[in-house]
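Colleague: Have a peek at entry22.csv (CSV, C-alpha atoms).
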chain,number,residue,atom,x,y,z
P,11,MET,CA,-15.5,50.8,-63.8
P,12,ALA,CA,-15.0,53.9,-61.7
P,13,GLU,CA,-11.6,54.3,-60.1
P,14,SER,CA,-10.6,56.9,-57.5
P,15,ASP,CA,-7.8,58.0,-55.3
P,16,THR,CA,-8.7,60.5,-52.6
P,17,GLY,CA,-5.3,61.5,-51.5
P,18,ALA,CA,-6.4,65.2,-51.4
P,19,LEU,CA,-9.2,64.6,-49.0
P,20,GLN,CA,-8.0,64.8,-45.4
P,21,PRO,CA,-9.9,63.1,-42.5
P,22,LEU,CA,-12.0,65.2,-40.1
P,23,HIS,CA,-10.5,64.5,-36.7
P,24,VAL,CA,-13.3,64.5,-34.1
P,25,PRO,CA,-12.6,65.0,-30.4
P,26,PHE,CA,-12.9,61.7,-28.6
P,27,MET,CA,-14.0,61.2,-25.0
P,28,ASP,CA,-13.3,58.2,-22.8
P,29,ILE,CA,-14.7,57.2,-19.4
P,30,GLN,CA,-13.9,54.8,-16.5
P,31,PRO,CA,-15.3,51.4,-17.7
P,32,ASN,CA,-17.3,50.8,-14.5
P,33,TRP,CA,-18.8,54.3,-14.4
P,34,ASP,CA,-22.3,52.9,-14.0
P,35,GLU,CA,-21.3,51.1,-10.8
P,36,VAL,CA,-19.7,54.3,-9.4
P,37,MET,CA,-22.9,56.2,-10.2
P,38,ARG,CA,-24.8,53.9,-7.7
P,39,ASP,CA,-22.6,55.3,-4.9
P,40,PRO,CA,-23.8,58.8,-3.8
P,41,ASN,CA,-20.2,59.8,-3.1
P,42,GLY,CA,-18.5,57.9,-5.9
P,43,LYS,CA,-16.5,59.6,-8.7
P,44,PHE,CA,-15.2,58.3,-12.0
P,45,TRP,CA,-12.4,59.5,-14.3
P,46,ILE,CA,-13.1,61.1,-17.7
P,47,SER,CA,-10.7,62.1,-20.5
P,48,CYS,CA,-10.9,63.8,-23.8
P,49,ARG,CA,-8.4,63.6,-26.7
P,50,LYS,CA,-8.3,66.0,-29.6
P,51,TYR,CA,-6.0,65.4,-32.6
P,52,GLY,CA,-2.6,66.9,-32.2
P,53,GLU,CA,-3.2,68.1,-28.6
P,54,LYS,CA,-2.5,66.8,-25.1
P,55,SER,CA,-5.2,64.7,-23.5
P,56,ILE,CA,-7.5,66.4,-21.0
P,57,GLN,CA,-8.3,64.5,-17.9
P,58,GLY,CA,-10.5,64.9,-14.8
P,59,TYR,CA,-13.0,63.3,-12.4
P,60,LEU,CA,-16.8,63.7,-12.1
P,61,GLN,CA,-19.4,62.7,-9.6
P,62,LYS,CA,-23.1,61.7,-9.9
P,63,LEU,CA,-25.6,64.5,-10.3
P,64,ARG,CA,-27.0,65.6,-7.0
P,65,ASP,CA,-30.6,64.6,-6.4
P,66,SER,CA,-31.5,67.6,-4.3
P,67,PRO,CA,-34.1,69.8,-6.0
P,68,ALA,CA,-31.9,72.8,-5.1
P,69,ALA,CA,-28.9,71.4,-6.9
P,70,SER,CA,-27.9,72.7,-10.3
P,71,ARG,CA,-28.6,70.4,-13.2
P,72,ASP,CA,-25.1,70.7,-14.5
P,73,GLN,CA,-22.1,69.7,-12.4
P,74,SER,CA,-18.4,70.1,-13.3
P,75,ASP,CA,-15.1,68.9,-11.9
P,76,ARG,CA,-13.1,71.3,-9.7
P,77,GLU,CA,-11.1,72.7,-12.6
P,78,GLY,CA,-14.1,73.0,-14.9
P,79,LYS,CA,-12.6,70.7,-17.6
P,80,PHE,CA,-15.7,68.6,-17.8
P,81,VAL,CA,-19.4,69.2,-17.1
P,82,LEU,CA,-21.9,66.4,-16.3
P,83,ARG,CA,-24.9,67.5,-18.3
P,84,ASP,CA,-27.4,64.7,-17.7
P,85,SER,CA,-27.7,61.1,-16.4
P,86,SER,CA,-30.3,58.4,-16.5
P,87,GLN,CA,-30.6,54.7,-15.6
P,88,ARG,CA,-28.2,53.6,-18.4
P,89,THR,CA,-26.7,56.9,-19.7
P,90,VAL,CA,-24.5,59.8,-18.7
P,91,THR,CA,-23.9,62.9,-20.8
P,92,VAL,CA,-20.6,64.8,-20.4
P,93,GLU,CA,-19.3,67.9,-22.0
P,94,CYS,CA,-15.7,69.0,-22.4
P,95,PRO,CA,-16.0,72.8,-23.1
P,96,GLN,CA,-12.3,73.2,-24.0
P,97,ALA,CA,-12.6,70.6,-26.9
P,98,GLN,CA,-16.2,71.6,-27.7
P,99,CYS,CA,-17.2,68.0,-27.4
P,100,ILE,CA,-20.4,66.4,-25.9
P,101,THR,CA,-20.6,62.6,-25.5
P,102,THR,CA,-23.4,60.4,-24.1
P,103,PHE,CA,-22.0,57.2,-22.6
P,104,VAL,CA,-24.4,54.2,-22.7
P,105,ARG,CA,-24.1,51.1,-20.5
P,106,PRO,CA,-25.5,47.8,-21.8
P,107,MET,CA,-28.9,46.4,-20.7
P,108,LYS,CA,-27.2,43.1,-20.1
P,109,THR,CA,-23.9,41.4,-20.6
P,110,LEU,CA,-23.8,37.8,-21.7
P,111,HIS,CA,-20.7,35.9,-20.7
P,112,LEU,CA,-20.3,33.3,-23.5
P,113,HIS,CA,-16.7,32.2,-24.2
P,114,HIS,CA,-13.5,31.6,-22.3
P,115,LYS,CA,-11.4,32.1,-25.5
P,116,LYS,CA,-11.5,35.2,-27.7
P,117,LEU,CA,-14.9,35.7,-29.2
P,118,LEU,CA,-14.3,36.4,-33.0
P,119,CYS,CA,-17.8,36.8,-34.4
P,120,MET,CA,-21.5,36.8,-33.4
P,121,ASP,CA,-24.9,37.0,-35.0
P,122,VAL,CA,-28.5,37.0,-33.8
P,123,SER,CA,-31.4,35.4,-35.6
P,124,SER,CA,-33.9,37.6,-37.3
P,125,GLY,CA,-36.6,36.9,-34.7
P,126,GLY,CA,-34.2,37.8,-31.9
P,127,GLY,CA,-34.5,34.4,-30.1
P,128,LEU,CA,-31.2,32.8,-30.8
P,129,GLY,CA,-27.6,33.9,-31.0
P,130,VAL,CA,-24.5,32.2,-32.4
P,131,SER,CA,-20.9,33.0,-31.7
P,132,SER,CA,-17.5,31.7,-32.6
P,133,SER,CA,-14.0,31.7,-31.1
P,134,GLU,CA,-10.3,31.1,-31.8
P,135,ASP,CA,-10.4,27.5,-30.6
P,136,GLY,CA,-12.7,26.2,-33.3
P,137,LYS,CA,-15.8,26.5,-31.1
P,138,LEU,CA,-19.3,27.6,-32.2
P,139,TRP,CA,-22.1,28.1,-29.7
P,140,VAL,CA,-25.8,28.5,-30.2
P,141,TRP,CA,-27.4,30.4,-27.3
P,142,ASP,CA,-30.5,32.0,-26.0
P,143,ALA,CA,-30.3,35.7,-27.0
P,144,ASP,CA,-32.1,36.8,-23.9
P,145,THR,CA,-30.3,34.8,-21.2
P,146,GLY,CA,-27.0,33.7,-22.9
P,147,GLU,CA,-27.8,30.1,-21.9
P,148,THR,CA,-26.1,27.7,-24.3
P,149,ARG,CA,-28.5,25.6,-26.4
P,150,ARG,CA,-25.8,23.5,-28.2
P,151,SER,CA,-22.3,23.5,-29.6
P,152,LEU,CA,-21.4,23.2,-33.3
P,153,ASP,CA,-18.3,21.1,-33.5
P,154,GLY,CA,-16.2,20.6,-36.6
P,155,HIS,CA,-13.9,23.6,-37.3
P,156,VAL,CA,-10.2,23.7,-36.5
P,157,GLY,CA,-8.6,27.0,-35.3
P,158,ASP,CA,-10.1,30.4,-35.7
P,159,VAL,CA,-13.8,30.5,-36.7
P,160,ASN,CA,-13.7,34.0,-38.2
P,161,THR,CA,-17.3,34.4,-39.2
P,162,CYS,CA,-20.7,33.0,-38.3
P,163,ARG,CA,-24.2,34.2,-39.3
P,164,TYR,CA,-27.8,33.0,-39.5
P,165,PHE,CA,-29.7,32.3,-42.6
P,166,PRO,CA,-32.9,34.4,-42.8
P,167,SER,CA,-34.9,31.4,-41.5
P,168,GLY,CA,-33.2,31.8,-38.2
P,169,ILE,CA,-32.6,28.0,-37.8
P,170,VAL,CA,-29.6,27.5,-40.1
P,171,VAL,CA,-26.1,28.8,-39.4
P,172,LEU,CA,-23.2,29.5,-41.8
P,173,SER,CA,-19.7,29.5,-40.5
P,174,ALA,CA,-16.2,29.7,-41.9
P,175,GLY,CA,-12.6,30.2,-40.7
P,176,ALA,CA,-8.9,29.6,-40.8
P,177,ASP,CA,-9.4,25.9,-41.8
P,178,LEU,CA,-10.4,27.0,-45.3
P,179,ARG,CA,-13.9,25.5,-44.9
P,180,LEU,CA,-17.4,26.8,-44.9
P,181,LYS,CA,-20.0,24.9,-42.9
P,182,ILE,CA,-23.8,24.9,-42.9
P,183,TRP,CA,-25.4,23.8,-39.6
P,184,SER,CA,-28.8,23.1,-38.2
P,185,ALA,CA,-29.2,25.4,-35.2
P,186,GLN,CA,-32.0,23.0,-34.0
P,187,ASP,CA,-29.9,19.8,-33.6
P,188,GLY,CA,-26.3,20.9,-34.2
P,189,SER,CA,-25.8,18.7,-37.3
P,190,CYS,CA,-23.6,19.9,-40.2
P,191,ALA,CA,-25.5,19.6,-43.4
P,192,ARG,CA,-22.8,20.8,-45.8
P,193,THR,CA,-19.1,21.5,-45.9
P,194,LEU,CA,-17.8,23.7,-48.7
P,195,THR,CA,-14.2,23.7,-49.7
P,196,GLY,CA,-12.1,25.5,-52.4
P,197,HIS,CA,-10.3,28.5,-50.8
P,198,ARG,CA,-6.5,28.3,-50.6
P,199,ARG,CA,-6.2,30.5,-47.5
P,200,GLY,CA,-8.4,31.3,-44.5
P,201,ILE,CA,-11.9,32.6,-45.0
P,202,SER,CA,-12.5,36.1,-43.7
P,203,ASP,CA,-16.2,36.8,-44.2
P,204,THR,CA,-19.4,35.5,-45.7
P,205,ALA,CA,-22.8,36.8,-47.0
P,206,VAL,CA,-26.1,35.1,-47.6
P,207,ILE,CA,-28.1,35.9,-50.8
P,208,ASP,CA,-31.8,36.3,-50.2
P,209,ARG,CA,-33.2,33.2,-48.5
P,210,GLY,CA,-29.9,31.4,-48.7
P,211,ARG,CA,-29.9,29.2,-51.8
P,212,ASN,CA,-26.6,30.9,-52.8
P,213,ILE,CA,-23.9,32.3,-50.5
P,214,ILE,CA,-20.7,34.2,-50.9
P,215,SER,CA,-17.3,33.8,-49.1
P,216,THR,CA,-14.2,36.0,-49.1
P,217,SER,CA,-10.7,34.9,-48.2
P,218,SER,CA,-7.1,35.9,-47.6
P,219,ASP,CA,-6.4,34.2,-50.9
P,220,GLY,CA,-7.8,37.3,-52.6
P,221,THR,CA,-10.9,35.6,-54.0
P,222,ALA,CA,-14.7,36.1,-53.5
P,223,ARG,CA,-16.6,33.0,-54.4
P,224,LEU,CA,-20.3,32.3,-55.1
P,225,TRP,CA,-21.6,29.0,-53.8
P,226,ASP,CA,-24.7,26.8,-54.3
P,227,CYS,CA,-25.7,25.4,-50.9
P,228,GLY,CA,-27.7,22.5,-52.2
P,229,SER,CA,-24.8,20.9,-54.1
P,230,ALA,CA,-21.9,22.5,-52.1
P,231,GLN,CA,-20.4,23.5,-55.4
P,232,CYS,CA,-18.6,26.8,-56.2
P,233,LEU,CA,-20.6,28.4,-59.0
P,234,ALA,CA,-18.1,31.2,-59.8
P,235,THR,CA,-15.1,33.1,-58.6
P,236,LEU,CA,-16.5,36.6,-58.5
P,237,CYS,CA,-13.1,38.2,-58.3
P,238,ASN,CA,-9.4,37.3,-57.9
P,239,LEU,CA,-7.5,40.1,-56.3
P,240,HIS,CA,-3.9,40.6,-55.5
P,241,SER,CA,-4.6,41.4,-51.9
P,242,PRO,CA,-6.3,39.5,-49.0
P,243,ILE,CA,-10.0,40.4,-48.5
P,244,ASN,CA,-10.7,41.3,-44.9
P,245,ALA,CA,-14.5,41.9,-45.0
P,246,CYS,CA,-17.5,42.1,-47.3
P,247,ALA,CA,-21.0,43.5,-47.4
P,248,LEU,CA,-23.9,42.6,-49.7
P,249,ALA,CA,-27.0,44.6,-50.7
P,250,SER,CA,-29.5,45.1,-53.4
P,251,SER,CA,-28.9,48.2,-55.4
P,252,VAL,CA,-30.7,50.2,-58.2
P,253,LEU,CA,-27.2,50.7,-59.7
P,254,VAL,CA,-27.2,47.2,-61.2
P,255,ALA,CA,-30.8,46.1,-61.3
P,256,GLU,CA,-31.3,47.1,-65.0
P,257,LYS,CA,-27.8,46.4,-66.3
P,258,ASN,CA,-27.7,42.6,-66.4
P,259,THR,CA,-25.9,41.3,-69.5
P,260,ILE,CA,-25.2,37.8,-68.2
P,261,PRO,CA,-28.2,35.5,-67.9
P,262,PRO,CA,-28.4,33.5,-64.7
P,263,THR,CA,-27.5,29.8,-64.9
P,264,GLU,CA,-29.0,27.2,-62.6
P,265,PRO,CA,-28.6,27.0,-59.7
P,266,GLU,CA,-27.5,30.7,-59.4
P,267,CYS,CA,-30.4,32.8,-58.2
P,268,GLY,CA,-31.0,36.1,-56.5
P,269,THR,CA,-27.9,37.9,-57.9
P,270,SER,CA,-29.5,40.1,-60.5
P,271,ASP,CA,-29.6,43.3,-58.3
P,272,LYS,CA,-26.8,42.6,-55.9
P,273,ILE,CA,-23.6,44.6,-55.2
P,274,LEU,CA,-20.8,43.1,-53.1
P,275,LEU,CA,-18.4,45.4,-51.2
P,276,LEU,CA,-14.9,44.0,-50.6
P,277,ALA,CA,-12.6,45.6,-48.0
P,278,CYS,CA,-9.0,44.7,-48.8
P,279,ASP,CA,-5.7,44.6,-47.1
P,280,ASP,CA,-4.1,46.9,-49.7
P,281,GLY,CA,-6.4,49.7,-48.7
P,282,VAL,CA,-8.7,49.3,-51.6
P,283,LEU,CA,-12.5,49.0,-51.5
P,284,HIS,CA,-14.1,47.2,-54.4
P,285,ALA,CA,-17.8,47.3,-55.4
P,286,CYS,CA,-18.7,44.4,-57.6
P,287,ASP,CA,-21.8,43.7,-59.7
P,288,ILE,CA,-22.3,40.0,-58.9
P,289,ARG,CA,-24.5,38.9,-61.8
P,290,ASN,CA,-22.3,40.6,-64.4
P,291,ARG,CA,-19.0,39.7,-62.7
P,292,ALA,CA,-17.9,43.3,-63.0
P,293,THR,CA,-16.2,45.8,-60.7
P,294,ILE,CA,-18.2,49.0,-60.7
P,295,LEU,CA,-16.0,51.0,-58.3
P,296,ARG,CA,-12.4,50.7,-57.0
P,297,TYR,CA,-11.7,53.2,-54.3
P,298,SER,CA,-8.1,53.4,-53.1
P,299,ASP,CA,-7.5,54.7,-49.6
P,300,GLY,CA,-3.8,54.2,-50.3
P,301,LYS,CA,-2.6,54.5,-46.7
P,302,SER,CA,-4.0,51.8,-44.5
P,303,PRO,CA,-5.5,48.3,-44.8
P,304,LEU,CA,-9.3,48.2,-44.8
P,305,ALA,CA,-10.8,46.1,-42.0
P,306,SER,CA,-14.6,46.7,-42.4
P,307,CYS,CA,-17.3,47.9,-44.8
P,308,ALA,CA,-21.1,48.3,-44.8
P,309,PHE,CA,-23.9,49.8,-47.0
P,310,VAL,CA,-25.5,53.0,-45.7
P,311,SER,CA,-28.0,52.9,-48.5
P,312,ASP,CA,-28.2,51.2,-51.9
P,313,THR,CA,-25.9,53.9,-53.4
P,314,THR,CA,-23.7,54.8,-50.5
P,315,ALA,CA,-21.2,52.8,-48.4
P,316,VAL,CA,-18.8,53.3,-45.6
P,317,CYS,CA,-15.5,51.5,-44.9
P,318,GLY,CA,-13.2,51.5,-41.9
P,319,SER,CA,-9.4,51.2,-41.9
P,320,GLU,CA,-6.7,49.9,-39.5
P,321,ASN,CA,-5.6,53.5,-38.9
P,322,GLY,CA,-9.0,54.4,-37.4
P,323,CYS,CA,-10.3,56.4,-40.5
P,324,MET,CA,-13.9,55.9,-41.8
P,325,THR,CA,-14.7,56.9,-45.3
P,326,LEU,CA,-18.2,57.5,-46.8
P,327,LEU,CA,-18.5,56.9,-50.5
P,328,ASP,CA,-21.1,57.5,-53.2
P,329,LEU,CA,-21.0,54.4,-55.4
P,330,ARG,CA,-22.2,56.5,-58.4
P,331,LYS,CA,-19.2,58.9,-58.3
P,332,SER,CA,-15.6,58.4,-58.9
P,333,ASP,CA,-13.9,61.7,-58.1
P,334,GLN,CA,-13.5,61.5,-54.3
P,335,ALA,CA,-15.0,60.3,-51.1
P,336,LEU,CA,-17.9,62.2,-49.6
P,337,LEU,CA,-16.4,62.2,-46.1
P,338,LYS,CA,-13.4,60.9,-44.1
P,339,VAL,CA,-13.7,61.0,-40.3
P,340,SER,CA,-11.4,59.8,-37.5
P,341,PHE,CA,-11.9,59.6,-33.8
P,342,ASN,CA,-8.7,57.8,-32.8
P,343,SER,CA,-6.1,55.5,-34.4
P,344,SER,CA,-7.7,52.2,-33.4
P,345,THR,CA,-8.7,49.8,-36.2
P,346,VAL,CA,-12.3,50.0,-37.2
P,347,THR,CA,-13.2,46.3,-36.9
P,348,SER,CA,-17.0,46.5,-37.5
P,349,LEU,CA,-19.5,49.0,-38.9
P,350,LEU,CA,-23.3,49.1,-38.4
P,351,PRO,CA,-25.3,51.9,-40.1
P,352,LEU,CA,-28.5,52.9,-38.3
P,353,GLY,CA,-30.5,54.1,-41.2
P,354,GLU,CA,-28.8,56.8,-43.4
P,355,ASN,CA,-28.1,59.2,-40.6
P,356,ARG,CA,-26.1,57.4,-37.9
P,357,CYS,CA,-23.4,54.7,-37.9
P,358,VAL,CA,-21.9,52.5,-35.2
P,359,ALA,CA,-18.2,51.8,-35.3
P,360,GLY,CA,-16.6,49.1,-33.2
P,361,CYS,CA,-12.9,49.4,-32.7
P,362,SER,CA,-9.9,47.2,-31.7
P,363,ASP,CA,-9.4,49.1,-28.4
P,364,GLY,CA,-12.9,48.2,-27.2
P,365,GLY,CA,-14.4,51.5,-28.2
P,366,CYS,CA,-17.8,51.5,-29.8
P,367,LEU,CA,-19.0,54.9,-31.1
P,368,VAL,CA,-22.3,56.1,-32.6
P,369,TRP,CA,-21.7,59.1,-34.8
P,370,SER,CA,-23.8,61.2,-37.2
P,371,ILE,CA,-23.1,60.7,-40.9
P,372,GLN,CA,-24.6,64.1,-41.6
P,373,ASP,CA,-22.6,65.9,-39.0
P,374,PRO,CA,-19.8,64.0,-37.3
P,375,LEU,CA,-19.2,66.9,-34.9
P,376,ASP,CA,-22.7,66.5,-33.6
P,377,ARG,CA,-23.3,64.8,-30.2
P,378,ILE,CA,-21.6,61.4,-30.1
P,379,SER,CA,-22.6,58.3,-28.1
P,380,LYS,CA,-20.2,55.7,-26.8
P,381,LEU,CA,-21.3,52.2,-25.9
P,382,THR,CA,-19.4,51.2,-22.7
P,383,GLY,CA,-18.6,47.9,-21.1
P,384,PRO,CA,-15.4,46.5,-22.7
P,385,GLU,CA,-12.1,47.7,-21.3
P,386,LEU,CA,-9.3,47.2,-23.9
P,387,ASP,CA,-10.5,44.0,-25.7
P,388,GLY,CA,-11.5,44.7,-29.2
P,389,ILE,CA,-15.1,44.8,-30.7
P,390,THR,CA,-15.5,42.0,-33.2
P,391,SER,CA,-19.0,42.3,-34.6
P,392,LEU,CA,-22.2,44.4,-34.3
P,393,ARG,CA,-25.8,43.4,-35.0
P,394,LYS,CA,-29.2,45.1,-34.7
P,395,VAL,CA,-32.4,43.2,-34.2
P,396,GLY,CA,-35.6,45.0,-33.4
P,397,GLY,CA,-35.0,47.6,-30.7
P,398,LYS,CA,-31.8,46.0,-29.5
P,399,MET,CA,-28.1,46.2,-30.6
P,400,TYR,CA,-25.6,43.4,-29.9
P,401,SER,CA,-21.9,43.9,-29.6
P,402,SER,CA,-19.4,41.0,-29.4
P,403,CYS,CA,-16.0,41.5,-27.8
P,404,LYS,CA,-12.7,39.6,-27.6
P,405,ASP,CA,-13.2,39.4,-23.8
P,406,GLY,CA,-15.8,36.6,-24.5
P,407,CYS,CA,-18.9,38.7,-23.9
P,408,VAL,CA,-21.8,39.9,-25.9
P,409,ARG,CA,-23.3,43.1,-24.7
P,410,VAL,CA,-26.9,44.1,-25.4
P,411,TYR,CA,-27.9,47.8,-25.7
P,412,ASP,CA,-31.3,49.5,-26.0
P,413,ILE,CA,-31.5,51.3,-29.4
P,414,ALA,CA,-33.5,54.1,-27.6
P,415,ASP,CA,-30.5,54.7,-25.4
P,416,VAL,CA,-28.1,54.7,-28.4
P,417,CYS,CA,-30.0,57.1,-30.6
Kindly return the structure encoded in the file as structure tokens.

Modeller:
Amino acid sequence: MAESDTGALQPLHVPFMDIQPNWDEVMRDPNGKFWISCRKYGEKSIQGYLQKLRDSPAASRDQSDREGKFVLRDSSQRTVTVECPQAQCITTFVRPMKTLHLHHKKLLCMDVSSGGGLGVSSSEDGKLWVWDADTGETRRSLDGHVGDVNTCRYFPSGIVVLSAGADLRLKIWSAQDGSCARTLTGHRRGISDTAVIDRGRNIISTSSDGTARLWDCGSAQCLATLCNLHSPINACALASSVLVAEKNTIPPTEPECGTSDKILLLACDDGVLHACDIRNRATILRYSDGKSPLASCAFVSDTTAVCGSENGCMTLLDLRKSDQALLKVSFNSSTVTSLLPLGENRCVAGCSDGGCLVWSIQDPLDRISKLTGPELDGITSLRKVGGKMYSSCKDGCVRVYDIADVC
């Protein structure tokens, strides 16, 4: 097991720009103007106003506010690009293609089927809804949980849903008729996250009780406790990896299947990220942030991962190395609630203040995109299906963005 403590590596603080939430509405008014601000670590916030680019052929392409603090470089139907010369920062703000208004209570999680036809979302009142991913129209409700439903996701088939929450139960549902096929119990505290292995014969759950458990869906039995930690587990991520594919020492036992090449990431409340070899029940890396609880994690590739903390820091790790993190980057101090890598070059980070940033893994100081729409309600989950990206928010909405606008 590799173990590391990266206390010597300081985060790269990247200038962070913000914009009036309804800037896209203001842009429709020829005389409208919207506020813009830029924050640089350790410095006073820069603030100003901008107007829409003039349509006259004689007009300059770049327009700035009266004091020259901001320059409007470009705009399109769904984007506007602004530069803050003083902070040496350029940001493209992207509005959603559509906003789906789904819940009256806080929306805690969301997923979209692999074909993009159906969505599912959960809230703090025990409610789960299956809805049309294009229109947001409710198809059916899934009733049976009590309290916060912290996580929901589709199986690869796109017609079966897995959910879990504060009531200590996992449930497997039919998205077609709303029936609950299985209820799995065994955790001693609320369930924080889940993962589906391959086609879904086996699943994984993580909990505030510090355990990650492997389950068989057919029998509703717990096959193994993969780890038993001294800290609540806040999030997990699962992927196939060459790091463990040829190192199996424990033969599979029925009905366990599909675990031979899988690594499980665990983001913990004590600031530690664990990388676990599922088949061999072994920890292959224990990375200690040491400063702030981890709230999210994701695989960038089969050998690299990224995790997000409550203090707003994101850390890039090579799972083959133990000396230190590859990169630590911070835009602001808001909790990084969700991470969605877009290939190996860019990553989307959803935050507790409603911010949703797209940044370059190769060069975080490169041009940043910010997905707009929410005001101060936190982002709870991010999904990419085909050419669309979905973002769920505690304001009860799911916003749909065009990947072409984002990248």

Colleague: For P:Arg330, which residue out of P:Asp280, P:Asp376, P:Asp363, P:Asp312 is the nearest one, using all atoms listed in the file?

Modeller: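 Of the candidates, the smallest distance to P:Arg330 is held by P:Asp312.
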
Colleague: For P:Ser184, which of P:Asp153, P:Asp208, P:Asp39, P:Glu320 is the closest residue, counting all atoms listed in the file?

Modeller: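 With all atoms listed in the file as the atom set, the closest residue is P:Asp153.
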
Colleague: Please write as a list in words the list of polymer residues whose atoms come within 12 Å of (-28.8, 63.6, -27.3), counting all atoms listed in the file and keeping to the coordinates of the file.

Modeller: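 Here the neighbourhood of the point contains Arg83, Asp84, Ser85, Thr89, Val90, Thr91, Val92, Glu93, Ile100, Thr101, Thr102, Phe103, Val104, Val368, Trp369, Ser370, Asp376, Arg377, Ile378, Ser379, Lys380, Ala414, Asp415, Val416 and Cys417 of chain P.
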
Colleague: Nearest to P:Lys50: which of P:Asn342, P:Ser402, P:Gln30, P:Thr195 is it, counting only C-alpha atoms?

Modeller: P:Asn342

Colleague: Residues within 7 Å of P:Leu224, please, as a PDB file with C-alpha atoms, in the coordinates of the input. Count all atoms listed in the file; anything in the same chain fewer than 4 positions from it doesn't count.

Modeller:
ATOM      1  CA  ASN P 212     -26.600  30.900 -52.800  1.00  0.00           C
ATOM      2  CA  ILE P 213     -23.900  32.300 -50.500  1.00  0.00           C
ATOM      3  CA  ILE P 214     -20.700  34.200 -50.900  1.00  0.00           C
ATOM      4  CA  SER P 215     -17.300  33.800 -49.100  1.00  0.00           C
ATOM      5  CA  CYS P 232     -18.600  26.800 -56.200  1.00  0.00           C
ATOM      6  CA  LEU P 233     -20.600  28.400 -59.000  1.00  0.00           C
ATOM      7  CA  ALA P 234     -18.100  31.200 -59.800  1.00  0.00           C
ATOM      8  CA  THR P 235     -15.100  33.100 -58.600  1.00  0.00           C
ATOM      9  CA  LEU P 236     -16.500  36.600 -58.500  1.00  0.00           C
TER      10      LEU P 236
END

Colleague: At a cut-off of 12 Å, using all atoms listed in the file, what residues contact P:Gly42? Leave out same-chain residues fewer than 3 positions from it and give the result as a PyMOL selection string.

Modeller: chain P and resi 30+32-39+45+59-64

Colleague: Could you list, with a cut-off of 9 Å and counting only C-alpha atoms, the residues of stretch 53-133 of chain P near stretch 390-397 of chain P, each shown with its nearest atom pair and the distance in Å rounded to one decimal, rows sorted by chain and ascending number, as a Markdown table?

Modeller:
| residue | atom | partner | partner_atom | distance |
| --- | --- | --- | --- | --- |
| P:Leu117 | CA | P:Thr390 | CA | 7.5 |
| P:Leu118 | CA | P:Thr390 | CA | 5.7 |
| P:Cys119 | CA | P:Ser391 | CA | 5.6 |
| P:Met120 | CA | P:Ser391 | CA | 6.2 |
| P:Asp121 | CA | P:Arg393 | CA | 6.5 |
| P:Val122 | CA | P:Arg393 | CA | 7.0 |
| P:Ser123 | CA | P:Val395 | CA | 8.0 |
| P:Ser124 | CA | P:Val395 | CA | 6.6 |
| P:Gly125 | CA | P:Val395 | CA | 7.6 |
| P:Gly126 | CA | P:Val395 | CA | 6.1 |

Colleague: Given all atoms listed in the file as the basis, pick out the residue of P:Asn41, P:Thr145, P:Gln57, P:Asn355 nearest to P:Phe26.

Modeller: P:Gln57

Colleague: So how many Å separate atom CA of P:Leu172 and atom CA of P:Ile413, to one decimal?

Modeller: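 Calculated distance between atom CA of P:Leu172 and atom CA of P:Ile413 is 26.4 Å.
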
Colleague: Do you have the atom CA of P:Val24-atom CA of P:Leu337 distance handy?

Modeller: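 Result for atom CA of P:Val24 versus atom CA of P:Leu337: 12.6 Å, one decimal.
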
Colleague: Taking N, CA, C and O atoms as the atom set, what does stretch 392-398 of chain P look like once completed, written as a compact mmCIF listing (two decimals), in the coordinates of the input?

Modeller:
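Output saved as selection-v5.txt:
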# COMPACT_ATOMS: atom_id res chain seq x y z
N LEU P 392 -21.03 43.64 -34.77
CA LEU P 392 -22.20 44.40 -34.30
C LEU P 392 -23.43 43.94 -35.06
O LEU P 392 -23.37 43.69 -36.27
N ARG P 393 -24.54 43.82 -34.36
CA ARG P 393 -25.80 43.40 -35.00
C ARG P 393 -26.95 44.21 -34.38
O ARG P 393 -26.92 44.55 -33.19
N LYS P 394 -27.96 44.48 -35.18
CA LYS P 394 -29.20 45.10 -34.70
C LYS P 394 -30.37 44.25 -35.04
O LYS P 394 -30.55 43.84 -36.19
N VAL P 395 -31.17 43.94 -34.03
CA VAL P 395 -32.40 43.20 -34.20
C VAL P 395 -33.49 43.82 -33.42
O VAL P 395 -33.40 43.92 -32.18
N GLY P 396 -34.50 44.32 -34.11
CA GLY P 396 -35.60 45.00 -33.40
C GLY P 396 -35.07 46.25 -32.71
O GLY P 396 -34.33 47.05 -33.26
N GLY P 397 -35.42 46.39 -31.45
CA GLY P 397 -35.00 47.60 -30.70
C GLY P 397 -33.73 47.34 -29.89
O GLY P 397 -33.41 48.13 -29.00
N LYS P 398 -32.98 46.28 -30.22
CA LYS P 398 -31.80 46.00 -29.50
C LYS P 398 -30.55 45.96 -30.42
O LYS P 398 -30.66 45.63 -31.60
